[in-house]
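S.K.: Questions regarding the structure given below will be posed in turn.
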Amino acid sequence: MKVEPMDEIIFADYLAETRKALKNQVLQHALADLQNRFGRGTALAYQNLPEGPDLRLKAHEIRMEAIGNLDVLLATLAGNVRKNGGQVFFAEDAAAAVDYCLGVAARHNARLAVKGKSMISEEIGLNRALANAGIEAVETDLGEYIVQLAGEGPSHIIAPAIHKNRDDIGRLFADRLKIPYTNDPPSLTRAARKSLREKFLTADIGFSGCNLACAETGHITTVSNEGNIRMAITMPRVHVAIMGMERVAARLQDHDMLLRLLCLAAAAQNMSTYVSYIGGPRWKQQVDGPQEFHLVILDNGRSRILADEQFREMLYCIRCAACLNVCPVYGKIGGHSYGHPYSGPMGAVIMPLLAGINAGRDLCQGETLCGACRDACPVNIDLPRMLLALRAKLADGDDRWNVVRADRGEKAAFHLWSWIIRNRRVYEFFLRLASWGQRFFPHHNGMIRRLPPPINGWTRHRDIHPPAAQSFMQRWKKGL
Amino acid sequence: MEQQAFIGRIRSALGRASTTAPNAADLCTSRFSAEQREILERIHNRSQAQRRRLLERLKEMAAPIHLNIIPVQDASQAAAAVADLVRHKKPEWGEQKCIATWKHPLVEDLQLANVLSDQQVPVYVIDPNDRQFKGLSAAQARQQLRTRVIASYIGVTAADYCMADTATLVLRTRPGQARSVSLVPSIHIGVIHIEQIIADLKELYALLLWDPEDRKEGLTNCMTFISGPSKTADVEATMVHGAHGPREVYILVITNSAAGQILPGR
């Protein structure tokens with residue numbers, strides 16, 4: 001499945017993709033394994049925090065303060081980055097961000113670009129734009145490299161190739177890197193290391209995302225385990241970092257807690273292997289680092305989310321993927337079913353908000369509202385509340401978000417139901433009708449095997465109890 | 001232009017006018033507090049015994065992330081440890097063994113060029129101000145140094161601090177202290193003095209914000225945390241070391257208290 005940039009996103013056929021995912025045994029094993037390790041690891045790590053698990057609540061407050069003052073924070077950040085010699089571009093939408101990136105690349109006659117893993121570059125469709133401009137763009141995170149070689153999109157924010165097993169990857173590398181087939185993970189990693197080292201050392205421009213910026217100091221922070229981001233932003237002549245406008249902390253002091261929580265939430269690590277604080281291009285006397293540093297700050301629909309207090313909380317998200325690692329739905333259907341790199345519970349909220357609530361209805365209706373994502377979130381975002389709010393908009397329509405009522409029949413059915421249960425006699429009548437009618441349906445061991453349409457979905461995978469011969473109220477009247 | 005419109009959109013989304021926005025300096029300035037003072041005092045008044053305990057903590061946290069901690073008495077022992085690694089480790093990309101180092105008092109004190117001369121291993125000090133580059137343009141010197149870092153299979157750096165709780169080296173970039181030396185070679189050796197070990201990120205941030213020396217310098221344009229060797233788990237969640245950065249990382253901790261005198265800013 002090819003991932004499209006958001007401006008022309010067509011959500012994948014959620015149900016079809018989901019069915020495919022459920023039948024894919026490789027994916028099912030990988031997802032179960034991922035959730036067992038990371039989901040549990042993170043929960044345990046929260047318990048062991050020196051400040052206790054309530055640190056998440058404190059982090060929530062810090063994010064709330066930052067987002068509530070985003071205008072001041074971004075202006076301060078931009079001012080400090082410029083003071084450090086960096087260049088800042090504010091991009092209203094994906095097209096503006098892509099144009100700017102292409103412009104920088106063109107000014108430096110870039111032929112080869114290396115990229116650190118960044119979901120926001122997927123969001124704006126940077127790879128395709130670079131390719132169209134004749135610039136080879138190489139993903140350098142091993143997982144991203146694998147999915148790029150396979151012509152696919154990532155299926156998890158921090159484990160992009162989770163849907164592929166070692167045999168798939170072995171065949172892919174044999175085919176694309178012309179190496180003898182092997183399915184040994186260390187050998188495969190070495191092959192990628194060798195091939196990508198060439199790219200790092202010859203690339204003209206490096207692109208990265210931004211995990212967290214700090215307004216006070218004018219730095220952006222990137223986090224990785226592989227070292228690919230450090231390579232991509234140290235060796236080429238130019239570094240372009242793209243950040244969602246929400247990814248900023250006011251003070252260095254806030255940064256401490258958020259960074260620790262990010263590492264814990266993403267991979268149950270105390271600290272990721274590499275954390276870089278980048279504040280501008282290299283100085284005159286320095287040997288390495290890029291001669292130009294550009295920071296692209298992207299809106300692309302985020303200010304609309306900011307304006308709606310119901311959804312503002314979504315901007316607290318630091319894209320750690322902890323919610324993917326505990327979600328019972330993501331754990332069965334995988335990332336590709338969501339049709340976009342933002343998947344799992346956070347994707348089910350943010351994608352409809354960014355790309356249209358009607359278009360993304362399956363995403364927010366597919367989640368279970370079980371609350372596991374909220375408990376796993378390092379900044380305690382109430383995702384289930386927002387999923388419900390999105391569903392309410394789909395049920396009733398909403399002018400502000402241009403939502404048309406998704407299902408008129410459903411609304412009518414609930415009106416009818418509401419009328420029935422408020423009228424005792426009518427209700428009793430239907431109870432008796434059901435009690436009498438159920439005998440016409442196939443039974444087995446005292447259970448109904450199949451219900452008729454349109455309620456046959458219920459019995460597709462399980463039986464249902466028949467209504468009791470006498471209702472509770474009837475028995476109550478008879479003195480039980 | 002685009003910034004004004006952008007910030008304006010955010011402002012109206014927040015429902016406020018520019019006059020009602022809080023002052024940037026108030027909002028974006030860390031505050032010195034009693035807690036911060038306590039942290040600073042704790043760092044500056046650490047006893048030898050407490051430092052030893054931090055070293056033990058560092059060793060304990062380094063083991064599970066495959067980071068090697070080697071305590072040594074003094075510079076000559078540290079140099080011997082480097083020589084030992086050079087003798088036993090083979091280059092990853094070519095045949096020739098050579099190493100790249102920072103220009104930093106702690107590293108210079110090891111006198112690696114002398115120590116490694118019997119193994120005939122060249123030691124490249126990655127310093128653009130080195131005499132041999134006299135007469136070359138800055139770009140030419142830079143190009144030569146880049147080639148040397150890429151050719152080296154071991155990189156030796158110092159560090160600003162080392163956080164015990166997460167087993168993390170903290171490196172700031174300065175002229176002569178290149179980012180690539182801890183990144184491009186297959187093996188990274190960090191040389192620190194025991195006094196540079198601090199407890200955690202909180203202590204680091206307190207130093208960066210309130211210690212007069214550190215505050216003056218700030219985070220520089222590139223501050224890097226390194227916690228162990230490069231790793232990936234992208235193939236079937238199997239952990240493999242050496243994805244793109246160094247495959248092995250060693251921290252040599254010099255424990256002799258007198259050796260700390262040569263640290264910059266002391």
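Every chain in the structure tokens has a letter given in the order shown (A, B, ...), and although residue numbers restart at 1 in each chain, ligands are simply numbered from 1 in the order shown.
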Please run DSSP on the backbone and report, as a ChimeraX atom specification, all residues within range 227-449 of chain A that come out as strand (DSSP E).
M.R.: /A:238-244,248-249,274-278,292-298,443-444,447-448
S.K.: Please give the complete set of residues from range 33-227 of chain B that DSSP, run on the backbone, assigns to alpha helix (DSSP H), formatted as number ranges by chain.
M.R.: B: 34-44, 48-62, 75-88, 105-108, 112-115, 138-151, 201-210, 212-217
S.K.: Expressed in Å to a single decimal, how great is the separation between CA of Gly190 in chain B and CA of Tyr250 in chain B?
M.R.: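 Value for the CA of Gly190 in chain B-CA of Tyr250 in chain B distance: 6.2 Å.
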S.K.: With a distance cut-off of 6 Å and only C-alpha atoms, select the neighbouring residues of range 198-211 of chain B, excluding the residue or stretch itself and same-chain residues fewer than 3 positions from it, and output the selection as a list in words.
M.R.: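 After dropping sequence-adjacent residues, the list is Met163, Ala164, Asp165, Asp214 and Arg215 of chain B.
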S.K.: Keeping C-alpha atoms for every residue in the selection just given, could you write it to a file as a PDB file, in the first residue's frame?
M.R.:
```
ATOM      1  CA  MET B 163      24.904  10.944  33.796  1.00  0.00           C
ATOM      2  CA  ALA B 164      25.000   7.833  35.958  1.00  0.00           C
ATOM      3  CA  ASP B 165      21.269   7.104  36.106  1.00  0.00           C
ATOM      4  CA  ASP B 214      28.214  26.194  31.779  1.00  0.00           C
ATOM      5  CA  ARG B 215      25.666  28.940  31.536  1.00  0.00           C
TER       6      ARG B 215
END
```
S.K.: Extract, using only C-alpha atoms, all DNA, RNA and protein residues at most 8 Å from Arg302 in chain A, discarding same-chain residues fewer than 3 positions from it, and format them as a list in words.
M.R.: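 In the requested form, the answer reads Met245, Glu246, Asp299, Ile305, Leu306, Leu315 and Leu354 of chain A.
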S.K.: Store the residues of this selection in a file with all heavy atoms, as a PDB file, in the first residue's frame.
M.R.:
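For reference, out_6.pdb as written:
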```
ATOM      1  N   MET A 245       3.952  22.291  14.623  1.00  0.00           N
ATOM      2  CA  MET A 245       4.031  23.515  15.439  1.00  0.00           C
ATOM      3  C   MET A 245       3.787  23.262  16.926  1.00  0.00           C
ATOM      4  O   MET A 245       4.126  24.086  17.766  1.00  0.00           O
ATOM      5  CB  MET A 245       3.031  24.552  14.925  1.00  0.00           C
ATOM      6  CG  MET A 245       1.583  24.184  15.135  1.00  0.00           C
ATOM      7  SD  MET A 245       0.511  25.510  14.559  1.00  0.00           S
ATOM      8  CE  MET A 245      -0.984  25.167  15.488  1.00  0.00           C
ATOM      9  N   GLU A 246       3.228  22.101  17.243  1.00  0.00           N
ATOM     10  CA  GLU A 246       2.907  21.824  18.648  1.00  0.00           C
ATOM     11  C   GLU A 246       4.089  21.288  19.443  1.00  0.00           C
ATOM     12  O   GLU A 246       4.039  21.185  20.657  1.00  0.00           O
ATOM     13  CB  GLU A 246       1.744  20.826  18.713  1.00  0.00           C
ATOM     14  CG  GLU A 246       2.083  19.374  18.403  1.00  0.00           C
ATOM     15  CD  GLU A 246       2.224  19.065  16.915  1.00  0.00           C
ATOM     16  OE1 GLU A 246       2.209  20.003  16.089  1.00  0.00           O
ATOM     17  OE2 GLU A 246       2.384  17.878  16.573  1.00  0.00           O
ATOM     18  N   ASP A 299       1.960  24.093  10.185  1.00  0.00           N
ATOM     19  CA  ASP A 299       0.599  24.155  10.722  1.00  0.00           C
ATOM     20  C   ASP A 299      -0.231  23.012  10.120  1.00  0.00           C
ATOM     21  O   ASP A 299      -0.548  22.044  10.791  1.00  0.00           O
ATOM     22  CB  ASP A 299      -0.028  25.528  10.393  1.00  0.00           C
ATOM     23  CG  ASP A 299      -1.410  25.700  11.006  1.00  0.00           C
ATOM     24  OD1 ASP A 299      -2.139  24.701  11.129  1.00  0.00           O
ATOM     25  OD2 ASP A 299      -1.772  26.840  11.353  1.00  0.00           O
ATOM     26  N   ILE A 305      -7.327  22.630  14.944  1.00  0.00           N
ATOM     27  CA  ILE A 305      -7.488  21.778  16.129  1.00  0.00           C
ATOM     28  C   ILE A 305      -7.318  22.623  17.399  1.00  0.00           C
ATOM     29  O   ILE A 305      -8.064  22.488  18.366  1.00  0.00           O
ATOM     30  CB  ILE A 305      -6.449  20.634  16.113  1.00  0.00           C
ATOM     31  CG1 ILE A 305      -6.640  19.793  14.856  1.00  0.00           C
ATOM     32  CG2 ILE A 305      -6.543  19.796  17.373  1.00  0.00           C
ATOM     33  CD1 ILE A 305      -5.598  18.699  14.672  1.00  0.00           C
ATOM     34  N   LEU A 306      -6.362  23.538  17.340  1.00  0.00           N
ATOM     35  CA  LEU A 306      -6.108  24.419  18.481  1.00  0.00           C
ATOM     36  C   LEU A 306      -7.340  25.256  18.821  1.00  0.00           C
ATOM     37  O   LEU A 306      -7.636  25.506  19.986  1.00  0.00           O
ATOM     38  CB  LEU A 306      -4.928  25.337  18.143  1.00  0.00           C
ATOM     39  CG  LEU A 306      -4.421  26.284  19.231  1.00  0.00           C
ATOM     40  CD1 LEU A 306      -3.789  25.493  20.361  1.00  0.00           C
ATOM     41  CD2 LEU A 306      -3.417  27.277  18.661  1.00  0.00           C
ATOM     42  N   LEU A 315      -3.078  18.219  20.563  1.00  0.00           N
ATOM     43  CA  LEU A 315      -1.799  18.856  20.245  1.00  0.00           C
ATOM     44  C   LEU A 315      -0.757  18.636  21.352  1.00  0.00           C
ATOM     45  O   LEU A 315       0.396  18.997  21.192  1.00  0.00           O
ATOM     46  CB  LEU A 315      -1.992  20.357  20.004  1.00  0.00           C
ATOM     47  CG  LEU A 315      -2.853  20.712  18.784  1.00  0.00           C
ATOM     48  CD1 LEU A 315      -3.004  22.215  18.662  1.00  0.00           C
ATOM     49  CD2 LEU A 315      -2.260  20.148  17.506  1.00  0.00           C
ATOM     50  N   LEU A 354      -7.246  16.143  10.840  1.00  0.00           N
ATOM     51  CA  LEU A 354      -6.406  16.767   9.819  1.00  0.00           C
ATOM     52  C   LEU A 354      -6.987  16.600   8.423  1.00  0.00           C
ATOM     53  O   LEU A 354      -6.874  17.485   7.579  1.00  0.00           O
ATOM     54  CB  LEU A 354      -4.987  16.172   9.858  1.00  0.00           C
ATOM     55  CG  LEU A 354      -4.121  16.507  11.070  1.00  0.00           C
ATOM     56  CD1 LEU A 354      -2.777  15.808  10.962  1.00  0.00           C
ATOM     57  CD2 LEU A 354      -3.911  18.009  11.217  1.00  0.00           C
TER      58      LEU A 354
END
```
S.K.: Taking 6 positions as the minimum chain separation for residues in the same chain, which residues sit within 9 Å of range 231-238 of chain A when counting only C-alpha atoms? Answer as number ranges by chain.
M.R.: A: 104-105, 108, 113-116, 140, 197, 200-208, 281, 288-294; B: 146, 179-180, 183-184, 244-245
S.K.: Pick out the closest residue to Leu298 in chain A from this set: A:Arg247, A:Arg405, A:His415, A:Arg439. Count only C-alpha atoms.
M.R.: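 So, comparing all the options, the nearest one is A:Arg247.
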S.K.: Give me, as a ChimeraX atom specification, the residues of chain A touching chain B, with the criterion being at most 6 Å (counting only C-alpha atoms).
M.R.: /A:71-72,90,143,165,185-186,193,216,225-228,250-251,270,273-280,285-287,303,306-307
S.K.: Could you write those residues out with N, CA, C and O atoms, as a CSV table (one decimal), in the first residue's frame?
M.R.:
```
chain,number,residue,atom,x,y,z
A,71,ASP,N,1.6,30.8,20.6
A,71,ASP,CA,2.0,32.0,19.8
A,71,ASP,C,3.3,32.5,20.4
A,71,ASP,O,4.2,32.8,19.6
A,72,VAL,N,3.3,32.7,21.7
A,72,VAL,CA,4.5,33.3,22.3
A,72,VAL,C,5.7,32.3,22.2
A,72,VAL,O,6.8,32.7,21.8
A,90,PHE,N,7.9,29.4,8.5
A,90,PHE,CA,6.6,29.0,9.0
A,90,PHE,C,5.8,28.5,7.8
A,90,PHE,O,5.5,29.4,6.9
A,143,GLY,N,14.2,0.5,9.7
A,143,GLY,CA,12.8,0.1,9.4
A,143,GLY,C,12.2,0.9,8.3
A,143,GLY,O,11.6,0.3,7.4
A,165,ASN,N,8.6,-10.0,8.2
A,165,ASN,CA,9.4,-10.9,9.0
A,165,ASN,C,10.8,-10.9,8.4
A,165,ASN,O,11.1,-10.4,7.3
A,185,PRO,N,19.2,-11.4,11.3
A,185,PRO,CA,19.1,-10.0,11.6
A,185,PRO,C,20.4,-9.2,11.6
A,185,PRO,O,20.5,-8.2,11.0
A,186,PRO,N,21.5,-9.8,12.3
A,186,PRO,CA,22.7,-9.0,12.3
A,186,PRO,C,23.3,-8.8,10.9
A,186,PRO,O,23.8,-7.8,10.6
A,193,ARG,N,23.8,-1.1,7.0
A,193,ARG,CA,24.8,-0.2,7.5
A,193,ARG,C,25.8,0.2,6.4
A,193,ARG,O,26.1,1.3,6.2
A,216,GLU,N,13.2,28.5,25.0
A,216,GLU,CA,14.1,29.2,25.8
A,216,GLU,C,15.5,29.3,25.2
A,216,GLU,O,16.1,30.3,25.2
A,225,ASN,N,17.9,5.6,18.2
A,225,ASN,CA,18.7,4.5,18.8
A,225,ASN,C,19.8,4.1,17.8
A,225,ASN,O,20.8,3.6,18.2
A,226,GLU,N,19.5,4.3,16.5
A,226,GLU,CA,20.4,3.8,15.5
A,226,GLU,C,21.6,4.7,15.2
A,226,GLU,O,22.6,4.3,14.8
A,227,GLY,N,21.4,6.0,15.5
A,227,GLY,CA,22.4,7.0,15.1
A,227,GLY,C,22.2,7.5,13.7
A,227,GLY,O,23.0,8.3,13.2
A,228,ASN,N,21.2,7.1,13.0
A,228,ASN,CA,21.0,7.5,11.7
A,228,ASN,C,20.7,9.0,11.6
A,228,ASN,O,21.1,9.7,10.7
A,250,ALA,N,8.4,25.3,26.6
A,250,ALA,CA,8.8,26.7,26.9
A,250,ALA,C,10.2,26.8,27.4
A,250,ALA,O,11.0,27.6,26.9
A,251,ARG,N,10.5,26.0,28.4
A,251,ARG,CA,11.7,26.2,29.2
A,251,ARG,C,12.5,24.9,29.2
A,251,ARG,O,12.0,23.8,29.1
A,270,ASN,N,15.3,4.1,29.5
A,270,ASN,CA,15.6,5.3,30.4
A,270,ASN,C,16.0,6.4,29.6
A,270,ASN,O,15.7,7.6,29.9
A,273,THR,N,19.4,5.9,22.8
A,273,THR,CA,20.9,5.9,22.6
A,273,THR,C,21.4,7.3,22.3
A,273,THR,O,22.4,7.7,22.8
A,274,TYR,N,20.8,8.0,21.3
A,274,TYR,CA,21.2,9.3,20.9
A,274,TYR,C,20.2,10.3,21.1
A,274,TYR,O,19.1,10.2,20.6
A,275,VAL,N,20.6,11.4,21.8
A,275,VAL,CA,19.7,12.6,21.8
A,275,VAL,C,20.6,13.8,21.4
A,275,VAL,O,21.6,14.0,21.9
A,276,SER,N,20.1,14.5,20.4
A,276,SER,CA,20.9,15.7,19.9
A,276,SER,C,20.1,16.9,20.1
A,276,SER,O,18.9,17.0,19.8
A,277,TYR,N,20.7,17.9,20.7
A,277,TYR,CA,20.2,19.3,20.8
A,277,TYR,C,20.8,20.1,19.7
A,277,TYR,O,22.0,20.4,19.8
A,278,ILE,N,20.1,20.5,18.7
A,278,ILE,CA,20.6,21.2,17.6
A,278,ILE,C,20.2,22.7,17.7
A,278,ILE,O,19.0,23.0,17.7
A,279,GLY,N,21.2,23.6,17.7
A,279,GLY,CA,20.9,25.0,17.8
A,279,GLY,C,21.7,25.8,16.7
A,279,GLY,O,22.6,26.5,17.1
A,280,GLY,N,21.3,25.5,15.5
A,280,GLY,CA,22.0,26.3,14.4
A,280,GLY,C,23.1,25.6,13.7
A,280,GLY,O,23.4,24.5,14.0
A,285,GLN,N,34.8,28.1,13.2
A,285,GLN,CA,35.9,27.3,13.6
A,285,GLN,C,35.7,25.8,13.8
A,285,GLN,O,36.5,25.1,14.1
A,286,GLN,N,34.4,25.5,13.5
A,286,GLN,CA,34.1,24.0,13.8
A,286,GLN,C,34.4,23.2,12.5
A,286,GLN,O,34.2,23.7,11.4
A,287,VAL,N,34.7,22.0,12.8
A,287,VAL,CA,35.1,21.1,11.7
A,287,VAL,C,33.9,20.5,10.9
A,287,VAL,O,33.9,20.4,9.7
A,303,SER,N,-3.8,24.5,13.6
A,303,SER,CA,-4.4,25.7,14.2
A,303,SER,C,-5.9,25.5,14.3
A,303,SER,O,-6.6,26.1,15.2
A,306,LEU,N,-6.4,23.5,17.3
A,306,LEU,CA,-6.1,24.4,18.5
A,306,LEU,C,-7.3,25.3,18.8
A,306,LEU,O,-7.6,25.5,20.0
A,307,ALA,N,-8.1,25.7,17.8
A,307,ALA,CA,-9.2,26.6,18.0
A,307,ALA,C,-10.4,25.9,18.7
A,307,ALA,O,-11.3,26.5,19.2
```
S.K.: Can you measure CA of Asn256 in chain B to CA of Gln73 in chain B for me? One decimal in Å is fine.
M.R.: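 Computing it gives 5.3 Å between the two atoms.
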S.K.: Mind checking which residues fall within 10 Å of Ile135 in chain A, counting only C-alpha atoms, ignoring those fewer than 4 positions away in the same chain, and posting them as a PDB file with N, CA and C atoms, in the first residue's frame?
M.R.:
```pdb
ATOM      1  N   LEU A 102      12.166  22.016  -1.152  1.00  0.00           N
ATOM      2  CA  LEU A 102      12.684  21.875  -2.522  1.00  0.00           C
ATOM      3  C   LEU A 102      13.558  23.074  -2.881  1.00  0.00           C
ATOM      4  N   ALA A 105      16.919  22.670  -1.274  1.00  0.00           N
ATOM      5  CA  ALA A 105      17.665  21.623  -1.992  1.00  0.00           C
ATOM      6  C   ALA A 105      18.177  22.165  -3.327  1.00  0.00           C
ATOM      7  N   ALA A 106      17.349  22.926  -4.019  1.00  0.00           N
ATOM      8  CA  ALA A 106      17.742  23.450  -5.333  1.00  0.00           C
ATOM      9  C   ALA A 106      18.901  24.436  -5.207  1.00  0.00           C
ATOM     10  N   ASN A 109      22.019  22.680  -5.089  1.00  0.00           N
ATOM     11  CA  ASN A 109      22.187  21.681  -6.149  1.00  0.00           C
ATOM     12  C   ASN A 109      22.200  20.262  -5.594  1.00  0.00           C
ATOM     13  N   ALA A 110      21.309  19.991  -4.672  1.00  0.00           N
ATOM     14  CA  ALA A 110      21.318  18.679  -4.021  1.00  0.00           C
ATOM     15  C   ALA A 110      20.851  17.598  -4.986  1.00  0.00           C
ATOM     16  N   ARG A 111      21.607  16.501  -5.037  1.00  0.00           N
ATOM     17  CA  ARG A 111      21.205  15.335  -5.837  1.00  0.00           C
ATOM     18  C   ARG A 111      20.766  14.199  -4.915  1.00  0.00           C
ATOM     19  N   LEU A 112      21.362  14.174  -3.719  1.00  0.00           N
ATOM     20  CA  LEU A 112      21.097  13.049  -2.817  1.00  0.00           C
ATOM     21  C   LEU A 112      20.712  13.597  -1.436  1.00  0.00           C
ATOM     22  N   ALA A 113      19.578  13.156  -0.938  1.00  0.00           N
ATOM     23  CA  ALA A 113      19.122  13.567   0.393  1.00  0.00           C
ATOM     24  C   ALA A 113      19.030  12.343   1.295  1.00  0.00           C
ATOM     25  N   ASN A 127       9.014  12.747   0.364  1.00  0.00           N
ATOM     26  CA  ASN A 127       9.804  11.838  -0.473  1.00  0.00           C
ATOM     27  C   ASN A 127       9.400  11.906  -1.936  1.00  0.00           C
ATOM     28  N   ARG A 128       8.105  11.914  -2.163  1.00  0.00           N
ATOM     29  CA  ARG A 128       7.638  11.922  -3.544  1.00  0.00           C
ATOM     30  C   ARG A 128       8.005  13.235  -4.221  1.00  0.00           C
ATOM     31  N   ALA A 129       7.864  14.341  -3.466  1.00  0.00           N
ATOM     32  CA  ALA A 129       8.198  15.641  -4.041  1.00  0.00           C
ATOM     33  C   ALA A 129       9.677  15.706  -4.406  1.00  0.00           C
ATOM     34  N   LEU A 130      10.527  15.169  -3.541  1.00  0.00           N
ATOM     35  CA  LEU A 130      11.961  15.164  -3.833  1.00  0.00           C
ATOM     36  C   LEU A 130      12.231  14.308  -5.069  1.00  0.00           C
ATOM     37  N   ALA A 131      11.584  13.153  -5.122  1.00  0.00           N
ATOM     38  CA  ALA A 131      11.784  12.270  -6.275  1.00  0.00           C
ATOM     39  C   ALA A 131      11.365  12.972  -7.562  1.00  0.00           C
TER      40      ALA A 131
END
```
S.K.: Please list as a compact mmCIF listing (two decimals) with N, CA and C atoms, in the first residue's frame every residue within 9 Å of Gln196 in chain B, counting only C-alpha atoms and excluding residues in the same chain fewer than 4 positions away.
M.R.:
```txt
# COMPACT_ATOMS: atom_id res chain seq x y z
N ALA B 159 34.27 14.39 27.34
CA ALA B 159 32.84 14.66 27.47
C ALA B 159 32.70 15.78 28.48
N ASP B 160 31.52 16.43 28.45
CA ASP B 160 31.29 17.46 29.45
C ASP B 160 30.86 16.84 30.77
N TYR B 161 29.95 15.89 30.64
CA TYR B 161 29.44 15.21 31.83
C TYR B 161 29.10 13.78 31.48
N CYS B 162 28.83 13.01 32.52
CA CYS B 162 28.32 11.67 32.30
C CYS B 162 27.23 11.43 33.34
N MET B 163 26.03 11.12 32.87
CA MET B 163 24.90 10.94 33.80
C MET B 163 24.81 9.47 34.19
N ILE B 192 36.70 10.40 30.52
CA ILE B 192 36.17 11.38 31.47
C ILE B 192 36.92 11.27 32.80
N GLY B 260 41.86 15.71 37.77
CA GLY B 260 40.74 16.59 37.45
C GLY B 260 41.14 18.03 37.25
```
S.K.: Pick out the closest residue to Gly301 in chain A from this set: A:Lys478, A:Ala94, A:Leu369, A:Asp168. Count only C-alpha atoms.
M.R.: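 Comparing A:Lys478, A:Ala94, A:Leu369, A:Asp168 against Gly301 in chain A, the winner is A:Ala94.
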